[in-house]
Amino acid sequence: MDQPTRADDVVEQNTSQAVIAGVLAALCLILGIVFIAYGSLSLAGWVLVTIGLALTVFAAFRLIQNKQIPIEKLGCPYCQFQNTLTAKPEKDIMCRSCGRMIPIENGVILPTYHIKCKECGKDNFFSRRTIKLICEDCGKEVNLDNVRNMIQ
Ligand SMILES: [Zn+2]
Ligand SMILES: [Zn+2]
């Protein structure tokens, strides 16, 4: 299964489409009304007003859609950021805030642990699925041999 879409992305996309449609609608309506007021171009004016109204409906529809997006919250175990998705993730997914991979198994976040890097003292995170842990700060490998037994 594909990763669920990020709810923020869908909202962003819908909103930008609504804004563009809204601006175009306003232009069509203003021009249309001006044309109608001048009489000789009134047919073109009505066409523009119709397009303007259609765009308004489209923009409204997009904004209503934003309210109906299913929101699935996924709290990052590392930085506590709440990732918003449109469905529960089936597999590991990257946190939008800290960029770390959140380990997922059967739709649940695996327990994560932290260990200090011997070289630089930086706290690094791992789960029981981590095969090799590379320090985020200094890039050296953090030895997990001693801790691995505890988390199996
Ligand atoms: Zn995070
Ligand atoms: Zn380090």
# chains A, B, ... in the order shown; residues from 1 in each chain; ligands from 1

$ residues_near_ligand --ligand "ligand 2" --cutoff "10 Å" --atoms "only C-alpha atoms and all ligand atoms" --output "list of chain:residue names"
A:Lys116, A:Cys117, A:Lys118, A:Glu119, A:Cys120, A:Gly121, A:Lys122, A:Asp123, A:Asn124, A:Ile134, A:Cys135, A:Glu136, A:Asp137, A:Cys138, A:Gly139, A:Lys140, A:Glu141, A:Val142

$ write_last_selection --atoms "N, CA and C atoms" --output "CSV table (one decimal), in the first residue's frame"
chain,number,residue,atom,x,y,z
A,116,LYS,N,23.3,7.6,24.0
A,116,LYS,CA,24.3,8.7,23.8
A,116,LYS,C,25.4,8.2,22.9
A,117,CYS,N,25.8,9.0,22.0
A,117,CYS,CA,27.0,8.7,21.2
A,117,CYS,C,28.3,8.8,22.0
A,118,LYS,N,29.1,7.8,22.0
A,118,LYS,CA,30.3,7.8,22.8
A,118,LYS,C,31.3,8.8,22.3
A,119,GLU,N,31.2,9.2,21.0
A,119,GLU,CA,32.2,10.1,20.5
A,119,GLU,C,31.9,11.6,20.8
A,120,CYS,N,30.6,11.9,20.7
A,120,CYS,CA,30.3,13.3,20.8
A,120,CYS,C,29.2,13.6,21.8
A,121,GLY,N,28.6,12.6,22.4
A,121,GLY,CA,27.6,12.8,23.5
A,121,GLY,C,26.2,13.1,23.0
A,122,LYS,N,26.0,13.1,21.7
A,122,LYS,CA,24.7,13.4,21.2
A,122,LYS,C,23.7,12.2,21.4
A,123,ASP,N,22.5,12.6,21.8
A,123,ASP,CA,21.4,11.5,22.0
A,123,ASP,C,20.9,11.1,20.6
A,124,ASN,N,21.0,9.8,20.4
A,124,ASN,CA,20.5,9.2,19.1
A,124,ASN,C,19.4,8.3,19.4
A,134,ILE,N,23.8,5.3,13.1
A,134,ILE,CA,24.9,6.3,12.8
A,134,ILE,C,24.5,7.5,13.6
A,135,CYS,N,25.5,8.1,14.3
A,135,CYS,CA,25.3,9.3,15.1
A,135,CYS,C,24.8,10.4,14.2
A,136,GLU,N,23.8,11.1,14.6
A,136,GLU,CA,23.2,12.2,13.8
A,136,GLU,C,24.2,13.4,13.7
A,137,ASP,N,25.0,13.5,14.8
A,137,ASP,CA,25.9,14.7,14.8
A,137,ASP,C,27.3,14.4,14.2
A,138,CYS,N,27.9,13.3,14.6
A,138,CYS,CA,29.3,13.2,14.1
A,138,CYS,C,29.4,12.1,13.1
A,139,GLY,N,28.3,11.3,12.8
A,139,GLY,CA,28.4,10.4,11.7
A,139,GLY,C,29.1,9.1,12.0
A,140,LYS,N,29.5,8.9,13.3
A,140,LYS,CA,30.2,7.7,13.7
A,140,LYS,C,29.1,6.7,14.1
A,141,GLU,N,29.5,5.4,14.0
A,141,GLU,CA,28.5,4.3,14.3
A,141,GLU,C,28.4,4.2,15.9
A,142,VAL,N,27.1,4.2,16.3
A,142,VAL,CA,26.9,4.0,17.8
A,142,VAL,C,26.7,2.5,18.0

$ residues_near_ligand --ligand "ligand 1" --cutoff "7 Å" --atoms "only C-alpha atoms and all ligand atoms" --output "PDB file with N, CA and C atoms, in the first residue's frame"
ATOM      1  N   CYS A  76       5.171  12.207  16.549  1.00  0.00           N
ATOM      2  CA  CYS A  76       6.540  11.721  16.353  1.00  0.00           C
ATOM      3  C   CYS A  76       7.125  11.317  17.702  1.00  0.00           C
ATOM      4  N   PRO A  77       7.669  10.084  17.808  1.00  0.00           N
ATOM      5  CA  PRO A  77       8.228   9.645  19.096  1.00  0.00           C
ATOM      6  C   PRO A  77       9.530  10.361  19.426  1.00  0.00           C
ATOM      7  N   TYR A  78      10.125  11.039  18.468  1.00  0.00           N
ATOM      8  CA  TYR A  78      11.409  11.709  18.707  1.00  0.00           C
ATOM      9  C   TYR A  78      11.230  13.166  19.083  1.00  0.00           C
ATOM     10  N   CYS A  79      10.409  13.884  18.321  1.00  0.00           N
ATOM     11  CA  CYS A  79      10.311  15.332  18.557  1.00  0.00           C
ATOM     12  C   CYS A  79       8.907  15.738  18.979  1.00  0.00           C
ATOM     13  N   GLN A  80       7.974  14.768  19.087  1.00  0.00           N
ATOM     14  CA  GLN A  80       6.611  15.012  19.551  1.00  0.00           C
ATOM     15  C   GLN A  80       5.764  15.825  18.573  1.00  0.00           C
ATOM     16  N   PHE A  81       6.287  16.086  17.403  1.00  0.00           N
ATOM     17  CA  PHE A  81       5.502  16.816  16.407  1.00  0.00           C
ATOM     18  C   PHE A  81       4.314  15.960  15.974  1.00  0.00           C
ATOM     19  N   CYS A  95       9.042  11.804   9.685  1.00  0.00           N
ATOM     20  CA  CYS A  95       8.427  12.900  10.434  1.00  0.00           C
ATOM     21  C   CYS A  95       8.637  14.194   9.659  1.00  0.00           C
ATOM     22  N   ARG A  96       7.576  14.968   9.556  1.00  0.00           N
ATOM     23  CA  ARG A  96       7.648  16.203   8.783  1.00  0.00           C
ATOM     24  C   ARG A  96       8.496  17.254   9.490  1.00  0.00           C
ATOM     25  N   SER A  97       8.585  17.141  10.800  1.00  0.00           N
ATOM     26  CA  SER A  97       9.309  18.176  11.541  1.00  0.00           C
ATOM     27  C   SER A  97      10.799  17.866  11.660  1.00  0.00           C
ATOM     28  N   CYS A  98      11.144  16.658  12.124  1.00  0.00           N
ATOM     29  CA  CYS A  98      12.560  16.383  12.380  1.00  0.00           C
ATOM     30  C   CYS A  98      13.197  15.539  11.280  1.00  0.00           C
ATOM     31  N   GLY A  99      12.392  15.007  10.349  1.00  0.00           N
ATOM     32  CA  GLY A  99      12.947  14.272   9.223  1.00  0.00           C
ATOM     33  C   GLY A  99      13.402  12.866   9.560  1.00  0.00           C
ATOM     34  N   ARG A 100      13.156  12.414  10.809  1.00  0.00           N
ATOM     35  CA  ARG A 100      13.552  11.046  11.151  1.00  0.00           C
ATOM     36  C   ARG A 100      12.447  10.080  10.733  1.00  0.00           C
TER      37      ARG A 100
END

$ select_by_dssp --residues "chain A" --states "helix (DSSP H, G or I)" --output "PyMOL selection string"
chain A and resi 7-38+42-67+145-151

$ residues_around --residues "segment 30-36 of chain A" --least-positions-apart "2" --cutoff "7 Å" --atoms "only C-alpha atoms" --output "list in words"
Ala26, Leu27, Cys28, Tyr38, Gly39, Leu41, Ser42, Ala44, Gly45, Trp46, Leu48 and Val49 of chain A

$ write_last_selection --atoms "N, CA and C atoms" --output "PDB file, in the first residue's frame"
ATOM      1  N   ALA A  26     -13.587  36.842  -8.980  1.00  0.00           N
ATOM      2  CA  ALA A  26     -13.771  38.265  -8.695  1.00  0.00           C
ATOM      3  C   ALA A  26     -13.546  39.087  -9.962  1.00  0.00           C
ATOM      4  N   LEU A  27     -12.464  38.760 -10.709  1.00  0.00           N
ATOM      5  CA  LEU A  27     -12.166  39.483 -11.952  1.00  0.00           C
ATOM      6  C   LEU A  27     -13.322  39.356 -12.946  1.00  0.00           C
ATOM      7  N   CYS A  28     -13.798  38.114 -13.156  1.00  0.00           N
ATOM      8  CA  CYS A  28     -14.892  37.855 -14.101  1.00  0.00           C
ATOM      9  C   CYS A  28     -16.147  38.631 -13.698  1.00  0.00           C
ATOM     10  N   TYR A  38     -22.402  48.792 -19.411  1.00  0.00           N
ATOM     11  CA  TYR A  38     -22.194  49.548 -20.641  1.00  0.00           C
ATOM     12  C   TYR A  38     -23.176  49.184 -21.759  1.00  0.00           C
ATOM     13  N   GLY A  39     -23.980  48.165 -21.521  1.00  0.00           N
ATOM     14  CA  GLY A  39     -25.058  47.847 -22.458  1.00  0.00           C
ATOM     15  C   GLY A  39     -24.626  47.138 -23.722  1.00  0.00           C
ATOM     16  N   LEU A  41     -21.989  45.675 -24.582  1.00  0.00           N
ATOM     17  CA  LEU A  41     -21.256  44.418 -24.398  1.00  0.00           C
ATOM     18  C   LEU A  41     -21.966  43.498 -23.411  1.00  0.00           C
ATOM     19  N   SER A  42     -23.250  43.697 -23.212  1.00  0.00           N
ATOM     20  CA  SER A  42     -23.911  43.001 -22.103  1.00  0.00           C
ATOM     21  C   SER A  42     -23.887  41.484 -22.258  1.00  0.00           C
ATOM     22  N   ALA A  44     -21.455  39.565 -23.509  1.00  0.00           N
ATOM     23  CA  ALA A  44     -20.161  39.139 -22.964  1.00  0.00           C
ATOM     24  C   ALA A  44     -20.167  39.291 -21.450  1.00  0.00           C
ATOM     25  N   GLY A  45     -20.800  40.333 -20.976  1.00  0.00           N
ATOM     26  CA  GLY A  45     -20.890  40.584 -19.536  1.00  0.00           C
ATOM     27  C   GLY A  45     -21.561  39.434 -18.818  1.00  0.00           C
ATOM     28  N   TRP A  46     -22.697  38.964 -19.363  1.00  0.00           N
ATOM     29  CA  TRP A  46     -23.409  37.856 -18.715  1.00  0.00           C
ATOM     30  C   TRP A  46     -22.596  36.570 -18.738  1.00  0.00           C
ATOM     31  N   LEU A  48     -19.361  36.407 -18.648  1.00  0.00           N
ATOM     32  CA  LEU A  48     -18.334  36.558 -17.612  1.00  0.00           C
ATOM     33  C   LEU A  48     -18.921  36.353 -16.221  1.00  0.00           C
ATOM     34  N   VAL A  49     -20.118  36.908 -16.006  1.00  0.00           N
ATOM     35  CA  VAL A  49     -20.763  36.754 -14.698  1.00  0.00           C
ATOM     36  C   VAL A  49     -21.025  35.265 -14.426  1.00  0.00           C
TER      37      VAL A  49
END

$ residues_around --residues "Met101 of chain A" --least-positions-apart "6" --cutoff "12 Å" --atoms "only C-alpha atoms" --output "mmCIF file with N, CA and C atoms, in the first residue's frame"
data_model
loop_
_atom_site.group_PDB
_atom_site.id
_atom_site.type_symbol
_atom_site.label_atom_id
_atom_site.label_comp_id
_atom_site.auth_asym_id
_atom_site.auth_seq_id
_atom_site.Cartn_x
_atom_site.Cartn_y
_atom_site.Cartn_z
ATOM 1 N N CYS A 76 5.171 12.207 16.549
ATOM 2 C CA CYS A 76 6.540 11.721 16.353
ATOM 3 C C CYS A 76 7.125 11.317 17.702
ATOM 4 N N PRO A 77 7.669 10.084 17.808
ATOM 5 C CA PRO A 77 8.228 9.645 19.096
ATOM 6 C C PRO A 77 9.530 10.361 19.426
ATOM 7 N N TYR A 78 10.125 11.039 18.468
ATOM 8 C CA TYR A 78 11.409 11.709 18.707
ATOM 9 C C TYR A 78 11.230 13.166 19.083
ATOM 10 N N CYS A 79 10.409 13.884 18.321
ATOM 11 C CA CYS A 79 10.311 15.332 18.557
ATOM 12 C C CYS A 79 8.907 15.738 18.979
ATOM 13 N N LYS A 91 3.404 1.562 6.995
ATOM 14 C CA LYS A 91 4.831 1.314 7.154
ATOM 15 C C LYS A 91 5.532 2.593 7.604
ATOM 16 N N ASP A 92 6.831 2.488 7.822
ATOM 17 C CA ASP A 92 7.604 3.615 8.333
ATOM 18 C C ASP A 92 7.329 4.883 7.542
ATOM 19 N N ILE A 93 7.283 5.973 8.257
ATOM 20 C CA ILE A 93 7.001 7.230 7.595
ATOM 21 C C ILE A 93 7.900 8.305 8.196
ATOM 22 N N MET A 94 8.303 9.260 7.362
ATOM 23 C CA MET A 94 9.238 10.272 7.828
ATOM 24 C C MET A 94 8.488 11.381 8.564
ATOM 25 N N CYS A 95 9.042 11.804 9.685
ATOM 26 C CA CYS A 95 8.427 12.900 10.434
ATOM 27 C C CYS A 95 8.637 14.194 9.659
ATOM 28 N N ILE A 109 3.138 2.611 16.241
ATOM 29 C CA ILE A 109 4.517 3.072 16.332
ATOM 30 C C ILE A 109 5.303 2.133 17.240
ATOM 31 N N LEU A 110 6.431 1.663 16.762
ATOM 32 C CA LEU A 110 7.295 0.806 17.578
ATOM 33 C C LEU A 110 7.900 1.633 18.705
ATOM 34 N N THR A 112 10.568 3.404 20.812
ATOM 35 C CA THR A 112 11.886 3.907 20.421
ATOM 36 C C THR A 112 12.699 4.225 21.681
ATOM 37 N N PHE A 125 18.479 8.147 18.451
ATOM 38 C CA PHE A 125 17.295 7.315 18.639
ATOM 39 C C PHE A 125 17.381 6.038 17.827
ATOM 40 N N PHE A 126 16.755 4.997 18.368
ATOM 41 C CA PHE A 126 16.702 3.752 17.613
ATOM 42 C C PHE A 126 15.495 2.946 18.073
ATOM 43 N N SER A 127 15.129 1.963 17.263
ATOM 44 C CA SER A 127 14.075 1.026 17.642
ATOM 45 C C SER A 127 14.658 -0.363 17.469
ATOM 46 N N ARG A 129 14.182 -2.272 15.284
ATOM 47 C CA ARG A 129 14.424 -2.565 13.891
ATOM 48 C C ARG A 129 15.708 -1.926 13.362
ATOM 49 N N THR A 130 16.312 -1.049 14.184
ATOM 50 C CA THR A 130 17.532 -0.387 13.731
ATOM 51 C C THR A 130 18.643 -1.418 13.585
#

$ residues_around --residues "Asn14 of chain A" --least-positions-apart "2" --cutoff "8 Å" --atoms "only C-alpha atoms" --output "list in words"
Val10, Val11, Glu12, Ser16, Gln17, Ala18, Arg62, Leu63, Gln65 and Asn66 of chain A

$ closest_residue --among "A:Ala37, A:Leu133, A:Ile104, A:Ala54" --to "Ala25 of chain A" --atoms "only C-alpha atoms"
A:Ala54

$ decode --residues "segment 25-65 of chain A" --atoms "N, CA and C atoms" --output "PDB file, in the first residue's frame"
ATOM      1  N   ALA A  25     -12.665  34.498 -10.203  1.00  0.00           N
ATOM      2  CA  ALA A  25     -14.100  34.741 -10.084  1.00  0.00           C
ATOM      3  C   ALA A  25     -14.359  36.223  -9.874  1.00  0.00           C
ATOM      4  N   ALA A  26     -13.587  36.842  -8.980  1.00  0.00           N
ATOM      5  CA  ALA A  26     -13.771  38.265  -8.695  1.00  0.00           C
ATOM      6  C   ALA A  26     -13.546  39.087  -9.962  1.00  0.00           C
ATOM      7  N   LEU A  27     -12.464  38.760 -10.709  1.00  0.00           N
ATOM      8  CA  LEU A  27     -12.166  39.483 -11.952  1.00  0.00           C
ATOM      9  C   LEU A  27     -13.322  39.356 -12.946  1.00  0.00           C
ATOM     10  N   CYS A  28     -13.798  38.114 -13.156  1.00  0.00           N
ATOM     11  CA  CYS A  28     -14.892  37.855 -14.101  1.00  0.00           C
ATOM     12  C   CYS A  28     -16.147  38.631 -13.698  1.00  0.00           C
ATOM     13  N   LEU A  29     -16.444  38.609 -12.406  1.00  0.00           N
ATOM     14  CA  LEU A  29     -17.664  39.267 -11.935  1.00  0.00           C
ATOM     15  C   LEU A  29     -17.568  40.779 -12.131  1.00  0.00           C
ATOM     16  N   ILE A  30     -16.410  41.351 -11.774  1.00  0.00           N
ATOM     17  CA  ILE A  30     -16.249  42.812 -11.902  1.00  0.00           C
ATOM     18  C   ILE A  30     -16.352  43.221 -13.376  1.00  0.00           C
ATOM     19  N   LEU A  31     -15.554  42.504 -14.228  1.00  0.00           N
ATOM     20  CA  LEU A  31     -15.580  42.804 -15.665  1.00  0.00           C
ATOM     21  C   LEU A  31     -16.986  42.619 -16.220  1.00  0.00           C
ATOM     22  N   GLY A  32     -17.612  41.514 -15.840  1.00  0.00           N
ATOM     23  CA  GLY A  32     -18.959  41.199 -16.319  1.00  0.00           C
ATOM     24  C   GLY A  32     -19.947  42.302 -15.982  1.00  0.00           C
ATOM     25  N   ILE A  33     -19.881  42.778 -14.739  1.00  0.00           N
ATOM     26  CA  ILE A  33     -20.815  43.823 -14.300  1.00  0.00           C
ATOM     27  C   ILE A  33     -20.552  45.123 -15.065  1.00  0.00           C
ATOM     28  N   VAL A  34     -19.243  45.413 -15.277  1.00  0.00           N
ATOM     29  CA  VAL A  34     -18.902  46.619 -16.044  1.00  0.00           C
ATOM     30  C   VAL A  34     -19.468  46.504 -17.465  1.00  0.00           C
ATOM     31  N   PHE A  35     -19.256  45.337 -18.092  1.00  0.00           N
ATOM     32  CA  PHE A  35     -19.761  45.113 -19.450  1.00  0.00           C
ATOM     33  C   PHE A  35     -21.274  45.276 -19.510  1.00  0.00           C
ATOM     34  N   ILE A  36     -21.965  44.674 -18.521  1.00  0.00           N
ATOM     35  CA  ILE A  36     -23.435  44.745 -18.512  1.00  0.00           C
ATOM     36  C   ILE A  36     -23.874  46.204 -18.357  1.00  0.00           C
ATOM     37  N   ALA A  37     -23.151  46.937 -17.502  1.00  0.00           N
ATOM     38  CA  ALA A  37     -23.495  48.336 -17.260  1.00  0.00           C
ATOM     39  C   ALA A  37     -23.357  49.154 -18.541  1.00  0.00           C
ATOM     40  N   TYR A  38     -22.402  48.792 -19.411  1.00  0.00           N
ATOM     41  CA  TYR A  38     -22.194  49.548 -20.641  1.00  0.00           C
ATOM     42  C   TYR A  38     -23.176  49.184 -21.759  1.00  0.00           C
ATOM     43  N   GLY A  39     -23.980  48.165 -21.521  1.00  0.00           N
ATOM     44  CA  GLY A  39     -25.058  47.847 -22.458  1.00  0.00           C
ATOM     45  C   GLY A  39     -24.626  47.138 -23.722  1.00  0.00           C
ATOM     46  N   SER A  40     -23.755  47.765 -24.521  1.00  0.00           N
ATOM     47  CA  SER A  40     -23.430  47.184 -25.822  1.00  0.00           C
ATOM     48  C   SER A  40     -22.706  45.849 -25.695  1.00  0.00           C
ATOM     49  N   LEU A  41     -21.989  45.675 -24.582  1.00  0.00           N
ATOM     50  CA  LEU A  41     -21.256  44.418 -24.398  1.00  0.00           C
ATOM     51  C   LEU A  41     -21.966  43.498 -23.411  1.00  0.00           C
ATOM     52  N   SER A  42     -23.250  43.697 -23.212  1.00  0.00           N
ATOM     53  CA  SER A  42     -23.911  43.001 -22.103  1.00  0.00           C
ATOM     54  C   SER A  42     -23.887  41.484 -22.258  1.00  0.00           C
ATOM     55  N   LEU A  43     -23.896  40.970 -23.503  1.00  0.00           N
ATOM     56  CA  LEU A  43     -23.882  39.512 -23.671  1.00  0.00           C
ATOM     57  C   LEU A  43     -22.586  38.937 -23.089  1.00  0.00           C
ATOM     58  N   ALA A  44     -21.455  39.565 -23.509  1.00  0.00           N
ATOM     59  CA  ALA A  44     -20.161  39.139 -22.964  1.00  0.00           C
ATOM     60  C   ALA A  44     -20.167  39.291 -21.450  1.00  0.00           C
ATOM     61  N   GLY A  45     -20.800  40.333 -20.976  1.00  0.00           N
ATOM     62  CA  GLY A  45     -20.890  40.584 -19.536  1.00  0.00           C
ATOM     63  C   GLY A  45     -21.561  39.434 -18.818  1.00  0.00           C
ATOM     64  N   TRP A  46     -22.697  38.964 -19.363  1.00  0.00           N
ATOM     65  CA  TRP A  46     -23.409  37.856 -18.715  1.00  0.00           C
ATOM     66  C   TRP A  46     -22.596  36.570 -18.738  1.00  0.00           C
ATOM     67  N   VAL A  47     -21.876  36.365 -19.858  1.00  0.00           N
ATOM     68  CA  VAL A  47     -21.012  35.167 -19.935  1.00  0.00           C
ATOM     69  C   VAL A  47     -19.971  35.219 -18.807  1.00  0.00           C
ATOM     70  N   LEU A  48     -19.361  36.407 -18.648  1.00  0.00           N
ATOM     71  CA  LEU A  48     -18.334  36.558 -17.612  1.00  0.00           C
ATOM     72  C   LEU A  48     -18.921  36.353 -16.221  1.00  0.00           C
ATOM     73  N   VAL A  49     -20.118  36.908 -16.006  1.00  0.00           N
ATOM     74  CA  VAL A  49     -20.763  36.754 -14.698  1.00  0.00           C
ATOM     75  C   VAL A  49     -21.025  35.265 -14.426  1.00  0.00           C
ATOM     76  N   THR A  50     -21.465  34.541 -15.461  1.00  0.00           N
ATOM     77  CA  THR A  50     -21.728  33.109 -15.301  1.00  0.00           C
ATOM     78  C   THR A  50     -20.439  32.360 -14.940  1.00  0.00           C
ATOM     79  N   ILE A  51     -19.360  32.679 -15.675  1.00  0.00           N
ATOM     80  CA  ILE A  51     -18.075  32.034 -15.367  1.00  0.00           C
ATOM     81  C   ILE A  51     -17.646  32.384 -13.944  1.00  0.00           C
ATOM     82  N   GLY A  52     -17.816  33.653 -13.588  1.00  0.00           N
ATOM     83  CA  GLY A  52     -17.449  34.115 -12.249  1.00  0.00           C
ATOM     84  C   GLY A  52     -18.188  33.334 -11.166  1.00  0.00           C
ATOM     85  N   LEU A  53     -19.487  33.137 -11.387  1.00  0.00           N
ATOM     86  CA  LEU A  53     -20.285  32.404 -10.401  1.00  0.00           C
ATOM     87  C   LEU A  53     -19.843  30.945 -10.321  1.00  0.00           C
ATOM     88  N   ALA A  54     -19.564  30.356 -11.493  1.00  0.00           N
ATOM     89  CA  ALA A  54     -19.110  28.957 -11.513  1.00  0.00           C
ATOM     90  C   ALA A  54     -17.803  28.817 -10.743  1.00  0.00           C
ATOM     91  N   LEU A  55     -16.891  29.779 -10.944  1.00  0.00           N
ATOM     92  CA  LEU A  55     -15.605  29.740 -10.230  1.00  0.00           C
ATOM     93  C   LEU A  55     -15.814  29.910  -8.731  1.00  0.00           C
ATOM     94  N   THR A  56     -16.776  30.745  -8.354  1.00  0.00           N
ATOM     95  CA  THR A  56     -17.069  30.940  -6.932  1.00  0.00           C
ATOM     96  C   THR A  56     -17.531  29.622  -6.314  1.00  0.00           C
ATOM     97  N   VAL A  57     -18.412  28.925  -7.042  1.00  0.00           N
ATOM     98  CA  VAL A  57     -18.919  27.637  -6.554  1.00  0.00           C
ATOM     99  C   VAL A  57     -17.754  26.652  -6.403  1.00  0.00           C
ATOM    100  N   PHE A  58     -16.869  26.642  -7.423  1.00  0.00           N
ATOM    101  CA  PHE A  58     -15.714  25.746  -7.394  1.00  0.00           C
ATOM    102  C   PHE A  58     -14.829  26.041  -6.178  1.00  0.00           C
ATOM    103  N   ALA A  59     -14.567  27.341  -5.945  1.00  0.00           N
ATOM    104  CA  ALA A  59     -13.718  27.731  -4.814  1.00  0.00           C
ATOM    105  C   ALA A  59     -14.356  27.300  -3.502  1.00  0.00           C
ATOM    106  N   ALA A  60     -15.656  27.531  -3.376  1.00  0.00           N
ATOM    107  CA  ALA A  60     -16.371  27.162  -2.154  1.00  0.00           C
ATOM    108  C   ALA A  60     -16.296  25.654  -1.944  1.00  0.00           C
ATOM    109  N   PHE A  61     -16.465  24.914  -3.040  1.00  0.00           N
ATOM    110  CA  PHE A  61     -16.430  23.456  -2.985  1.00  0.00           C
ATOM    111  C   PHE A  61     -15.071  22.970  -2.472  1.00  0.00           C
ATOM    112  N   ARG A  62     -14.003  23.591  -2.991  1.00  0.00           N
ATOM    113  CA  ARG A  62     -12.650  23.217  -2.559  1.00  0.00           C
ATOM    114  C   ARG A  62     -12.458  23.470  -1.064  1.00  0.00           C
ATOM    115  N   LEU A  63     -12.995  24.594  -0.573  1.00  0.00           N
ATOM    116  CA  LEU A  63     -12.833  24.922   0.836  1.00  0.00           C
ATOM    117  C   LEU A  63     -13.658  23.976   1.708  1.00  0.00           C
ATOM    118  N   ILE A  64     -14.835  23.593   1.221  1.00  0.00           N
ATOM    119  CA  ILE A  64     -15.669  22.650   1.970  1.00  0.00           C
ATOM    120  C   ILE A  64     -14.943  21.307   2.049  1.00  0.00           C
ATOM    121  N   GLN A  65     -14.295  20.921   0.943  1.00  0.00           N
ATOM    122  CA  GLN A  65     -13.545  19.658   0.922  1.00  0.00           C
ATOM    123  C   GLN A  65     -12.485  19.611   2.015  1.00  0.00           C
TER     124      GLN A  65
END
